[in-house]
Amino acid sequence: MTDGRQSVADAFRGAACTNPGRVRTNNEDLAVVDPLRGIFGVIDGVGGEAGGEVAAATAYDVILQRLARPLGTPAERVREAIAIANNEIFRQAQESAALRGMACVITLALVADGRVTIGHVGDTRLYKLRPTGLRKLTRDHSPVGEREDTGELGEVDAMRHPRRNEVFRDVGSAYRDKDEDGFVDVIDEPLEPDSALLVCSDGLSDMLTSATIGHIVRQHAGDPARVTEALVAAANDAGGKDNVTVVYAEGPMFATAVAGGLPGSLTPTEPLGAAPNPAPADEPTDSPPRDGGFRRVTRSIVRSRTTWFIVGTLVGVLGAVGLMLQVAKTQVQTPRTLVVATDGTAPFERIGIAMAAARPGDVVRVEAGDYNEQVLIADGVDLFARMPGTVTISRPPSLPVSLPGMTAGGTLPVRISGVRLESSVSSPAATAISISGTGVTLELVEISGPFSHALTLEPNASVTMQGSRVDVPGAVISVPEDSQATLISNMFIRVGRSPDPPITAGPRSRLTLSGNLFAGFDPEIVRGIADARRRELLNSNIIVPPPPAPRRVGERRR
């Protein structure tokens with residue numbers, strides 16, 4: 001059994017891509033991708049900027065912890081993982097007024113032994129693709145989605161409906177039992193070697209029809225990363241009204257099977273109506289038309305099912321031409337990945353040079369190595385280490401102490417992931433990362449060394465930091481008036497002793513703290529806000545006080 005599970009998981013190659021979209025600055029979506037364990041999913045946060053991100057991050061941590069234990073059947077594992085995540089989100093929301101009402105929606109797939117088991121709550125979606133077509137396996141838990149699934153609404157009408165974003169089932173808004181009826185939909189489906197899975201948030205399915213999704217998958221089959229990037233780019237080209245996240249995994253024979261199929265064989269999920277019955281043929285007659293015959297002929301043409309069938313066909317053809325033009329446009333505008341490596345094996349040897357060549361929507365991917373440079377993040381460009389923790393960015397000795405090691409500004413969201421920033425005694429600095437833009441996300445980032453501040457925010461800037469580690473002798477972050485900081489599941493460690501708190505916040509700043517560890521700091525933790533607000537912020541965090549100061553020589557205990 002174990003060997004079969006491993007072979008299926010290894011055979012299905014997966015990739016993910018997520019983007020805040022063109023309207024929102026924060027991203028409440030999280031992709032769940034673990035091909036070795038056969039785990040693929042999407043989590044979409046609900047409940048405002050802070051609450052949605054906290055709910056999604058909590059669900060992500062809980063689900064991966066539960067699925068790491070291979071106990072129970074696949075159906076039991078996905079059902080239990082979602083239920084535990086639900087109750088942990090609900091618990092945190094009850095303990096913090098700022099998080100009250102937070103929740104998320106989840107679609108989670110577990111691939112094992114030639115089958116896929118799906119746990120689903122909400123309006124995220126899972127599609128299964130075969131060479132002969134595309135099929136939506138999940139049903140939307142929303143008023144509009146329910147009408148679309150039953151065929152009452154067409155796909156395009158549902159996409160444009162004003163109540164499209166409402167859901168009647170979520171994860172986290174109430175306490176749930178794992179076996180409760182009407183909570184987790186569990187779907188079990190065979191998974192053939194020539195099949196593929198696509199999980200997405202509503203930021204994709206609200207922007208692209210299923211036919212467009214299928215067409216883009218066909219074009220890039222065989223390259224999962226390219227599939228996800230092209231779909232996200234297409235959703236943004238179509239308006240990008242919400243966060244968009246795509247997780248895609250394909251079997252070893254899918255690309256070959258699709259390449260051998262007929263163009264356009266992937267079909268939409270919208271139910272097609274029954275083919276119209278042919279109209280009865282007019283009986284031949286030699287009689288001349290009577291008075292008013294012209295009007296009767298005109299009415300018969302207008303009322304003819306055949307006429308409207310022809311008109312509908314022409315409209316469909318024109319729509320298909322428009323689709324092809326839109327996809328062609330998407331291909332031109334697809335984001336690029338610029339690769340950086342110190343050993344000369346990549347197009348760029350320095351991060352700064354790649355950033356200078358990047359344009360909004362691009363990704364700068366950094367291979368393992370030490371990079372001695374100041375990094376200026378370009379507007380709308382993501383930076384990530386191919387392997388988290390293997391990329392170290394240190395300050396050049398010639399850089400003035402007052403200048404930060406990294407800056408992130410502009411009007412478009414950026415994401416920085418998996419890199420380590422450090423300074424040394426010989427090259428100290430005031431700030432590791434200076435943030436002046438909105439929608440900056442830091443994930444799995446490490447900051448270490450003699451920095452006065454790990455992060456500084458300018459007024460009206462915003463940052464989300466999650467899963468990161470900071471060990472500095474100075475402060476962690478300064479949050480001025482009218483700026484926003486969301487810190488989730490991080491480790492903040494004070495090196496040495498200092499009376500200064502890790503966080504300074506203005507009274508009108510927006511600060512969210514959840515699941516963080518503060519070690520070595522005095523109890524104040526956050527300075528600049530009222531005591532009641534401080535207690536509320538710190539309620540769901542862990543605080544480890546500094547060790548007692550060593551006694552001076554000759555000092556005796558009383």
# chains A, B, ... in the order shown; residues from 1 in each chain; ligands from 1
>>> residues_around(residues="Asp500 of chain A", least_positions_apart="6", cutoff="10 Å", atoms="only C-alpha atoms", output="MDAnalysis selection string")
chainID A and resid 473:475 521:522 524:527
>>> write_last_selection(atoms="N, CA and C atoms", output="tab-separated table (two decimals), in the first residue's frame")
chain	number	residue	atom	x	y	z
A	473	PRO	N	19.51	42.53	18.01
A	473	PRO	CA	19.59	43.20	19.31
A	473	PRO	C	18.64	44.38	19.43
A	474	GLY	N	18.16	44.90	18.30
A	474	GLY	CA	17.28	46.07	18.33
A	474	GLY	C	15.82	45.68	18.28
A	475	ALA	N	15.01	46.56	17.67
A	475	ALA	CA	13.56	46.36	17.59
A	475	ALA	C	13.21	45.52	16.37
A	521	PHE	N	12.31	39.37	25.39
A	521	PHE	CA	11.86	40.76	25.47
A	521	PHE	C	11.16	41.00	26.80
A	522	ASP	N	11.19	42.26	27.26
A	522	ASP	CA	10.43	42.64	28.44
A	522	ASP	C	8.93	42.54	28.13
A	524	GLU	N	6.41	44.40	27.98
A	524	GLU	CA	5.64	45.44	27.29
A	524	GLU	C	5.35	45.03	25.84
A	525	ILE	N	6.29	44.50	25.14
A	525	ILE	CA	6.18	44.00	23.77
A	525	ILE	C	5.77	45.09	22.76
A	526	VAL	N	4.63	45.74	22.97
A	526	VAL	CA	4.17	46.77	22.03
A	526	VAL	C	4.10	48.09	22.77
A	527	ARG	N	4.79	49.10	22.28
A	527	ARG	CA	4.78	50.43	22.90
A	527	ARG	C	4.02	51.40	22.00
>>> select_by_dssp(residues="segment 331-410 of chain A", states="helix (DSSP H, G or I)", output="ChimeraX atom specification")
/A:331-333,351-357
>>> atom_distance(atom1="atom CA of Asp179 of chain A", atom2="atom CA of Lys136 of chain A")
24.1 Å
>>> atom_distance(atom1="atom CA of Leu134 of chain A", atom2="atom CA of Val167 of chain A")
24.0 Å
>>> atom_distance(atom1="atom CA of Ala196 of chain A", atom2="atom CA of Leu64 of chain A")
22.1 Å
>>> residues_around(residues="Leu421 of chain A", least_positions_apart="4", cutoff="10 Å", atoms="only C-alpha atoms", output="number ranges by chain")
A: 371, 391-395, 405-406, 432-433, 445-449, 454, 470
>>> write_last_selection(atoms="N, CA and C atoms", output="short mmCIF file (atom, residue, chain, number, x, y, z; two decimals), in the first residue's frame")
data_model
loop_
_atom_site.label_atom_id
_atom_site.label_comp_id
_atom_site.auth_asym_id
_atom_site.auth_seq_id
_atom_site.Cartn_x
_atom_site.Cartn_y
_atom_site.Cartn_z
N TYR A 371 24.98 36.63 -1.39
CA TYR A 371 24.88 37.80 -2.26
C TYR A 371 25.19 39.04 -1.43
N VAL A 391 19.65 31.20 0.63
CA VAL A 391 20.08 32.47 0.02
C VAL A 391 20.32 33.48 1.13
N THR A 392 21.55 33.98 1.22
CA THR A 392 21.92 34.98 2.23
C THR A 392 22.28 36.29 1.52
N ILE A 393 21.61 37.35 1.93
CA ILE A 393 21.88 38.68 1.38
C ILE A 393 22.52 39.51 2.49
N SER A 394 23.75 39.91 2.28
CA SER A 394 24.47 40.70 3.29
C SER A 394 24.77 42.09 2.74
N ARG A 395 24.97 43.02 3.63
CA ARG A 395 25.20 44.40 3.24
C ARG A 395 26.64 44.59 2.75
N GLY A 405 19.31 47.43 4.07
CA GLY A 405 19.83 46.38 3.21
C GLY A 405 18.90 46.03 2.08
N MET A 406 17.59 46.27 2.28
CA MET A 406 16.58 45.98 1.25
C MET A 406 15.47 46.99 1.36
N ALA A 432 17.09 46.50 8.38
CA ALA A 432 17.25 45.40 7.42
C ALA A 432 16.37 45.62 6.19
N ILE A 433 15.06 45.83 6.40
CA ILE A 433 14.13 46.04 5.28
C ILE A 433 13.31 47.30 5.55
N VAL A 445 11.22 34.41 5.87
CA VAL A 445 12.37 35.31 5.81
C VAL A 445 13.11 35.26 7.15
N GLU A 446 14.43 35.31 7.11
CA GLU A 446 15.24 35.37 8.32
C GLU A 446 16.02 36.68 8.32
N ILE A 447 16.04 37.34 9.48
CA ILE A 447 16.79 38.59 9.64
C ILE A 447 17.66 38.42 10.88
N SER A 448 18.96 38.61 10.71
CA SER A 448 19.88 38.34 11.80
C SER A 448 21.05 39.31 11.76
N GLY A 449 21.54 39.67 12.95
CA GLY A 449 22.71 40.54 13.02
C GLY A 449 22.41 41.85 13.71
N ALA A 454 14.62 45.55 12.51
CA ALA A 454 14.51 44.56 11.44
C ALA A 454 13.67 45.11 10.30
N VAL A 470 13.28 36.42 13.29
CA VAL A 470 14.07 37.64 13.47
C VAL A 470 14.83 37.51 14.78
#
>>> residues_around(residues="Gly506 of chain A", least_positions_apart="2", cutoff="9 Å", atoms="only C-alpha atoms", output="list of chain:residue names")
A:Ser478, A:Val479, A:Pro480, A:Glu481, A:Asp482, A:Ser483, A:Thr504, A:Arg508, A:Ser509, A:Arg510, A:Arg527, A:Gly528, A:Ile529
>>> closest_atom_pairs(of="segment 93-160 of chain A", to="segment 11-33 of chain A", cutoff="10 Å", atoms="only C-alpha atoms", output="tab-separated table")
residue	atom	partner	partner_atom	distance
A:Cys104	CA	A:Glu28	CA	8.9
A:Val105	CA	A:Asp29	CA	9.6
A:Ile106	CA	A:Leu30	CA	9.7
A:Thr107	CA	A:Val32	CA	9.6
A:Leu108	CA	A:Val32	CA	8.0
A:Ala109	CA	A:Val32	CA	9.4
A:Val111	CA	A:Phe12	CA	8.6
>>> write_last_selection(atoms="C-alpha atoms", output="PDB file, in the first residue's frame")
ATOM      1  CA  CYS A 104     -11.837  30.604   5.267  1.00  0.00           C
ATOM      2  CA  VAL A 105     -12.925  28.274   2.498  1.00  0.00           C
ATOM      3  CA  ILE A 106     -10.905  25.200   1.575  1.00  0.00           C
ATOM      4  CA  THR A 107     -10.546  22.637  -1.164  1.00  0.00           C
ATOM      5  CA  LEU A 108      -8.056  19.922  -0.227  1.00  0.00           C
ATOM      6  CA  ALA A 109      -7.038  16.927  -2.370  1.00  0.00           C
ATOM      7  CA  VAL A 111      -3.706  11.630  -3.954  1.00  0.00           C
TER       8      VAL A 111
END
>>> closest_residue(among="A:Leu537, A:Val463, A:Ile43, A:Ala234", to="Thr58 of chain A", atoms="only C-alpha atoms")
A:Ile43
>>> residues_around(residues="segment 219-225 of chain A", least_positions_apart="6", cutoff="12 Å", atoms="only C-alpha atoms", output="VMD selection string")
chain A and resid 12 to 18 35 129 to 131 194 to 198 212 to 213 231 to 232 246 to 261 263 to 264 266 324 327 to 328 330 to 331 335 to 337
>>> write_last_selection(atoms="N, CA and C atoms", output="compact mmCIF listing (two decimals), in the first residue's frame")
# COMPACT_ATOMS: atom_id res chain seq x y z
N PHE A 12 2.64 12.33 -10.03
CA PHE A 12 1.88 13.56 -10.24
C PHE A 12 2.74 14.75 -9.85
N ARG A 13 3.22 15.46 -10.86
CA ARG A 13 4.05 16.65 -10.62
C ARG A 13 3.14 17.84 -10.41
N GLY A 14 3.47 18.67 -9.40
CA GLY A 14 2.60 19.79 -9.08
C GLY A 14 3.33 21.11 -9.02
N ALA A 15 2.56 22.19 -9.10
CA ALA A 15 3.09 23.54 -8.98
C ALA A 15 1.95 24.44 -8.52
N ALA A 16 2.33 25.63 -8.04
CA ALA A 16 1.33 26.59 -7.57
C ALA A 16 1.76 27.99 -7.92
N CYS A 17 0.78 28.86 -8.05
CA CYS A 17 1.05 30.29 -8.27
C CYS A 17 -0.06 31.08 -7.59
N THR A 18 0.31 32.13 -6.89
CA THR A 18 -0.68 32.97 -6.21
C THR A 18 -0.32 34.43 -6.41
N PRO A 35 3.84 17.51 -3.26
CA PRO A 35 3.71 16.38 -4.20
C PRO A 35 4.20 15.05 -3.63
N LEU A 129 -9.13 17.10 -15.14
CA LEU A 129 -8.96 17.21 -16.58
C LEU A 129 -8.53 15.87 -17.15
N ARG A 130 -9.15 15.49 -18.26
CA ARG A 130 -8.76 14.32 -19.04
C ARG A 130 -8.56 14.79 -20.48
N PRO A 131 -7.97 13.98 -21.32
CA PRO A 131 -7.82 14.38 -22.73
C PRO A 131 -9.15 14.70 -23.40
N ASP A 194 -3.40 9.64 -17.20
CA ASP A 194 -3.55 10.70 -18.20
C ASP A 194 -4.51 11.78 -17.74
N SER A 195 -4.61 11.95 -16.41
CA SER A 195 -5.49 12.98 -15.87
C SER A 195 -4.66 14.07 -15.18
N ALA A 196 -5.33 15.17 -14.86
CA ALA A 196 -4.70 16.27 -14.14
C ALA A 196 -5.72 16.87 -13.19
N LEU A 197 -5.22 17.53 -12.14
CA LEU A 197 -6.07 18.19 -11.16
C LEU A 197 -5.73 19.68 -11.13
N LEU A 198 -6.76 20.49 -11.02
CA LEU A 198 -6.56 21.94 -10.88
C LEU A 198 -7.44 22.44 -9.74
N THR A 212 -11.94 28.57 -21.08
CA THR A 212 -10.67 29.28 -21.14
C THR A 212 -9.62 28.60 -20.27
N ILE A 213 -10.03 28.19 -19.09
CA ILE A 213 -9.11 27.47 -18.20
C ILE A 213 -8.58 26.22 -18.90
N LEU A 231 -2.35 30.85 -16.09
CA LEU A 231 -3.72 31.02 -15.59
C LEU A 231 -3.84 32.26 -14.72
N VAL A 232 -2.88 32.47 -13.84
CA VAL A 232 -2.92 33.67 -12.98
C VAL A 232 -2.80 34.92 -13.83
N VAL A 246 -3.73 29.29 -7.94
CA VAL A 246 -3.91 28.08 -8.74
C VAL A 246 -2.92 27.03 -8.27
N VAL A 247 -3.41 25.82 -8.00
CA VAL A 247 -2.57 24.66 -7.73
C VAL A 247 -2.88 23.63 -8.80
N TYR A 248 -1.84 23.11 -9.44
CA TYR A 248 -2.04 22.22 -10.58
C TYR A 248 -1.11 21.02 -10.45
N ALA A 249 -1.64 19.84 -10.73
CA ALA A 249 -0.84 18.61 -10.71
C ALA A 249 -1.30 17.73 -11.87
N GLU A 250 -0.35 17.15 -12.59
CA GLU A 250 -0.72 16.32 -13.72
C GLU A 250 -0.03 14.97 -13.66
N GLY A 251 -0.70 13.94 -14.20
CA GLY A 251 -0.15 12.61 -14.27
C GLY A 251 0.90 12.49 -15.36
N PRO A 252 1.65 11.38 -15.37
CA PRO A 252 2.77 11.25 -16.29
C PRO A 252 2.37 11.15 -17.76
N MET A 253 1.10 10.80 -18.03
CA MET A 253 0.67 10.63 -19.42
C MET A 253 -0.25 11.74 -19.90
N PHE A 254 -0.53 12.73 -19.03
CA PHE A 254 -1.51 13.74 -19.40
C PHE A 254 -1.05 14.58 -20.58
N ALA A 255 0.17 15.10 -20.53
CA ALA A 255 0.64 15.99 -21.60
C ALA A 255 0.66 15.28 -22.94
N THR A 256 1.13 14.04 -22.97
CA THR A 256 1.18 13.29 -24.22
C THR A 256 -0.23 13.01 -24.76
N ALA A 257 -1.13 12.66 -23.84
CA ALA A 257 -2.51 12.37 -24.26
C ALA A 257 -3.20 13.61 -24.78
N VAL A 258 -2.99 14.74 -24.13
CA VAL A 258 -3.61 15.99 -24.56
C VAL A 258 -3.04 16.43 -25.91
N ALA A 259 -1.73 16.28 -26.09
CA ALA A 259 -1.11 16.68 -27.35
C ALA A 259 -1.66 15.89 -28.52
N GLY A 260 -2.12 14.66 -28.27
CA GLY A 260 -2.66 13.84 -29.34
C GLY A 260 -4.14 14.02 -29.57
N GLY A 261 -4.78 14.86 -28.72
CA GLY A 261 -6.22 15.06 -28.84
C GLY A 261 -6.56 16.11 -29.89
N PRO A 263 -7.95 19.71 -31.19
CA PRO A 263 -7.99 21.06 -30.63
C PRO A 263 -9.38 21.38 -30.10
N GLY A 264 -9.40 21.97 -28.92
CA GLY A 264 -10.67 22.39 -28.36
C GLY A 264 -11.47 21.28 -27.75
N LEU A 266 -11.28 20.13 -24.81
CA LEU A 266 -11.65 20.39 -23.42
C LEU A 266 -12.93 21.19 -23.42
N MET A 324 -9.81 33.19 -28.34
CA MET A 324 -8.48 32.94 -28.87
C MET A 324 -7.64 34.20 -28.85
N VAL A 327 -6.59 34.82 -25.24
CA VAL A 327 -5.53 33.92 -24.82
C VAL A 327 -4.21 34.30 -25.45
N ALA A 328 -4.27 34.71 -26.74
CA ALA A 328 -3.03 35.15 -27.39
C ALA A 328 -2.46 36.35 -26.69
N THR A 330 -2.89 37.04 -23.56
CA THR A 330 -2.37 36.58 -22.28
C THR A 330 -0.98 36.00 -22.43
N GLN A 331 -0.75 35.27 -23.51
CA GLN A 331 0.56 34.66 -23.71
C GLN A 331 1.65 35.72 -23.78
N PRO A 335 3.82 36.62 -16.99
CA PRO A 335 4.99 37.01 -16.20
C PRO A 335 6.20 36.12 -16.51
N ARG A 336 7.36 36.71 -16.37
CA ARG A 336 8.61 35.97 -16.60
C ARG A 336 9.24 35.60 -15.26
N THR A 337 10.07 34.58 -15.29
CA THR A 337 10.88 34.21 -14.14
C THR A 337 12.33 34.49 -14.47
>>> residues_around(residues="Ile477 of chain A", least_positions_apart="4", cutoff="8 Å", atoms="only C-alpha atoms", output="list in words")
His453, Ala454, Leu455, Thr456, Leu457, Pro502, Ile503 and Thr504 of chain A
>>> write_last_selection(atoms="N, CA and C atoms", output="PDB file, in the first residue's frame")
ATOM      1  N   HIS A 453      16.688  48.122  13.656  1.00  0.00           N
ATOM      2  CA  HIS A 453      15.316  47.701  13.363  1.00  0.00           C
ATOM      3  C   HIS A 453      15.367  46.616  12.295  1.00  0.00           C
ATOM      4  N   ALA A 454      14.617  45.548  12.509  1.00  0.00           N
ATOM      5  CA  ALA A 454      14.507  44.558  11.441  1.00  0.00           C
ATOM      6  C   ALA A 454      13.668  45.110  10.295  1.00  0.00           C
ATOM      7  N   LEU A 455      12.542  45.747  10.627  1.00  0.00           N
ATOM      8  CA  LEU A 455      11.637  46.316   9.624  1.00  0.00           C
ATOM      9  C   LEU A 455      11.263  47.735  10.025  1.00  0.00           C
ATOM     10  N   THR A 456      11.202  48.632   9.050  1.00  0.00           N
ATOM     11  CA  THR A 456      10.623  49.957   9.268  1.00  0.00           C
ATOM     12  C   THR A 456       9.584  50.207   8.194  1.00  0.00           C
ATOM     13  N   LEU A 457       8.464  50.790   8.612  1.00  0.00           N
ATOM     14  CA  LEU A 457       7.379  51.125   7.689  1.00  0.00           C
ATOM     15  C   LEU A 457       7.261  52.638   7.568  1.00  0.00           C
ATOM     16  N   PRO A 502      10.034  45.196  21.235  1.00  0.00           N
ATOM     17  CA  PRO A 502      10.207  44.777  19.843  1.00  0.00           C
ATOM     18  C   PRO A 502       9.347  45.553  18.856  1.00  0.00           C
ATOM     19  N   ILE A 503       8.189  46.062  19.316  1.00  0.00           N
ATOM     20  CA  ILE A 503       7.255  46.727  18.409  1.00  0.00           C
ATOM     21  C   ILE A 503       6.880  48.095  18.953  1.00  0.00           C
ATOM     22  N   THR A 504       6.946  49.098  18.099  1.00  0.00           N
ATOM     23  CA  THR A 504       6.435  50.429  18.408  1.00  0.00           C
ATOM     24  C   THR A 504       5.342  50.748  17.407  1.00  0.00           C
TER      25      THR A 504
END
>>> closest_residue(among="A:Ala368, A:Leu110, A:Ala430, A:Val199", to="Gly389 of chain A", atoms="only C-alpha atoms")
A:Ala368
>>> select_by_dssp(residues="segment 156-204 of chain A", states="strand (DSSP E or B)", output="compact mmCIF listing (two decimals) with C-alpha atoms, in the first residue's frame")
# COMPACT_ATOMS: atom_id res chain seq x y z
CA VAL A 171 -14.37 26.94 7.89
CA ASP A 185 -18.03 17.48 1.31
CA VAL A 186 -15.84 14.41 0.73
CA ILE A 187 -15.44 13.24 -2.86
CA ASP A 188 -13.59 10.13 -3.99
CA GLU A 189 -12.59 9.79 -7.64
CA PRO A 190 -10.33 7.53 -9.73
CA ALA A 196 -4.70 16.27 -14.14
CA LEU A 197 -6.07 18.19 -11.16
CA LEU A 198 -6.56 21.94 -10.88
CA VAL A 199 -7.52 23.58 -7.59
CA CYS A 200 -8.24 27.31 -7.55
>>> closest_residue(among="A:Leu412, A:Val495, A:Val144, A:Ile543", to="Pro523 of chain A", atoms="only C-alpha atoms")
A:Ile543
>>> decode(residues="segment 170-256 of chain A", atoms="C-alpha atoms", output="JSON list (two decimals), in the first residue's frame")
[["chain", "number", "residue", "atom", "x", "y", "z"],
["A", 170, "ASP", "CA", -17.15, 28.12, 5.60],
["A", 171, "VAL", "CA", -14.37, 26.94, 7.89],
["A", 172, "GLY", "CA", -14.10, 28.76, 11.22],
["A", 173, "SER", "CA", -17.26, 30.76, 11.84],
["A", 174, "ALA", "CA", -18.74, 28.17, 14.24],
["A", 175, "TYR", "CA", -17.62, 25.09, 16.17],
["A", 176, "ARG", "CA", -17.99, 21.91, 14.09],
["A", 177, "ASP", "CA", -17.72, 18.18, 14.58],
["A", 178, "LYS", "CA", -15.73, 16.32, 11.94],
["A", 179, "ASP", "CA", -18.65, 13.98, 11.21],
["A", 180, "GLU", "CA", -21.28, 16.71, 11.15],
["A", 181, "ASP", "CA", -23.66, 16.52, 8.22],
["A", 182, "GLY", "CA", -23.58, 19.48, 5.88],
["A", 183, "PHE", "CA", -20.04, 20.54, 6.73],
["A", 184, "VAL", "CA", -17.22, 18.87, 4.74],
["A", 185, "ASP", "CA", -18.03, 17.48, 1.31],
["A", 186, "VAL", "CA", -15.84, 14.41, 0.73],
["A", 187, "ILE", "CA", -15.44, 13.24, -2.86],
["A", 188, "ASP", "CA", -13.59, 10.13, -3.99],
["A", 189, "GLU", "CA", -12.59, 9.79, -7.64],
["A", 190, "PRO", "CA", -10.33, 7.53, -9.73],
["A", 191, "LEU", "CA", -7.15, 9.29, -10.87],
["A", 192, "GLU", "CA", -5.82, 7.98, -14.14],
["A", 193, "PRO", "CA", -2.23, 8.51, -15.35],
["A", 194, "ASP", "CA", -3.55, 10.70, -18.20],
["A", 195, "SER", "CA", -5.49, 12.98, -15.87],
["A", 196, "ALA", "CA", -4.70, 16.27, -14.14],
["A", 197, "LEU", "CA", -6.07, 18.19, -11.16],
["A", 198, "LEU", "CA", -6.56, 21.94, -10.88],
["A", 199, "VAL", "CA", -7.52, 23.58, -7.59],
["A", 200, "CYS", "CA", -8.24, 27.31, -7.55],
["A", 201, "SER", "CA", -9.69, 30.17, -5.57],
["A", 202, "ASP", "CA", -12.67, 32.13, -6.88],
["A", 203, "GLY", "CA", -10.22, 34.77, -8.11],
["A", 204, "LEU", "CA", -9.64, 32.45, -11.08],
["A", 205, "SER", "CA", -13.11, 30.97, -11.63],
["A", 206, "ASP", "CA", -14.78, 34.41, -11.38],
["A", 207, "MET", "CA", -12.48, 35.79, -14.10],
["A", 208, "LEU", "CA", -12.12, 32.91, -16.57],
["A", 209, "THR", "CA", -14.67, 30.50, -17.96],
["A", 210, "SER", "CA", -13.96, 26.81, -17.65],
["A", 211, "ALA", "CA", -13.40, 26.66, -21.41],
["A", 212, "THR", "CA", -10.67, 29.28, -21.14],
["A", 213, "ILE", "CA", -9.11, 27.47, -18.20],
["A", 214, "GLY", "CA", -9.06, 24.22, -20.16],
["A", 215, "HIS", "CA", -7.59, 25.91, -23.22],
["A", 216, "ILE", "CA", -4.69, 27.42, -21.26],
["A", 217, "VAL", "CA", -3.98, 24.11, -19.52],
["A", 218, "ARG", "CA", -3.81, 22.37, -22.91],
["A", 219, "GLN", "CA", -1.35, 24.93, -24.23],
["A", 220, "HIS", "CA", 1.13, 24.42, -21.39],
["A", 221, "ALA", "CA", 0.52, 20.77, -20.45],
["A", 222, "GLY", "CA", 3.77, 19.12, -19.40],
["A", 223, "ASP", "CA", 5.00, 22.21, -17.51],
["A", 224, "PRO", "CA", 2.95, 22.59, -14.29],
["A", 225, "ALA", "CA", 4.66, 25.84, -13.27],
["A", 226, "ARG", "CA", 3.91, 27.36, -16.66],
["A", 227, "VAL", "CA", 0.27, 26.29, -16.40],
["A", 228, "THR", "CA", -0.23, 28.05, -13.07],
["A", 229, "GLU", "CA", 1.61, 31.22, -14.15],
["A", 230, "ALA", "CA", -0.38, 31.51, -17.38],
["A", 231, "LEU", "CA", -3.72, 31.02, -15.59],
["A", 232, "VAL", "CA", -2.92, 33.67, -12.98],
["A", 233, "ALA", "CA", -1.78, 36.07, -15.70],
["A", 234, "ALA", "CA", -5.00, 35.47, -17.65],
["A", 235, "ALA", "CA", -7.13, 36.14, -14.55],
["A", 236, "ASN", "CA", -5.29, 39.41, -13.96],
["A", 237, "ASP", "CA", -5.64, 40.38, -17.62],
["A", 238, "ALA", "CA", -9.38, 39.80, -17.25],
["A", 239, "GLY", "CA", -9.55, 42.28, -14.36],
["A", 240, "GLY", "CA", -7.90, 40.60, -11.37],
["A", 241, "LYS", "CA", -10.72, 41.64, -9.04],
["A", 242, "ASP", "CA", -9.66, 39.28, -6.23],
["A", 243, "ASN", "CA", -6.69, 37.28, -5.00],
["A", 244, "VAL", "CA", -6.04, 34.46, -7.45],
["A", 245, "THR", "CA", -4.40, 31.15, -6.56],
["A", 246, "VAL", "CA", -3.91, 28.08, -8.74],
["A", 247, "VAL", "CA", -2.57, 24.66, -7.73],
["A", 248, "TYR", "CA", -2.04, 22.22, -10.58],
["A", 249, "ALA", "CA", -0.84, 18.61, -10.71],
["A", 250, "GLU", "CA", -0.72, 16.32, -13.72],
["A", 251, "GLY", "CA", -0.15, 12.61, -14.27],
["A", 252, "PRO", "CA", 2.77, 11.25, -16.29],
["A", 253, "MET", "CA", 0.67, 10.63, -19.42],
["A", 254, "PHE", "CA", -1.51, 13.74, -19.40],
["A", 255, "ALA", "CA", 0.64, 15.99, -21.60],
["A", 256, "THR", "CA", 1.18, 13.29, -24.22]]
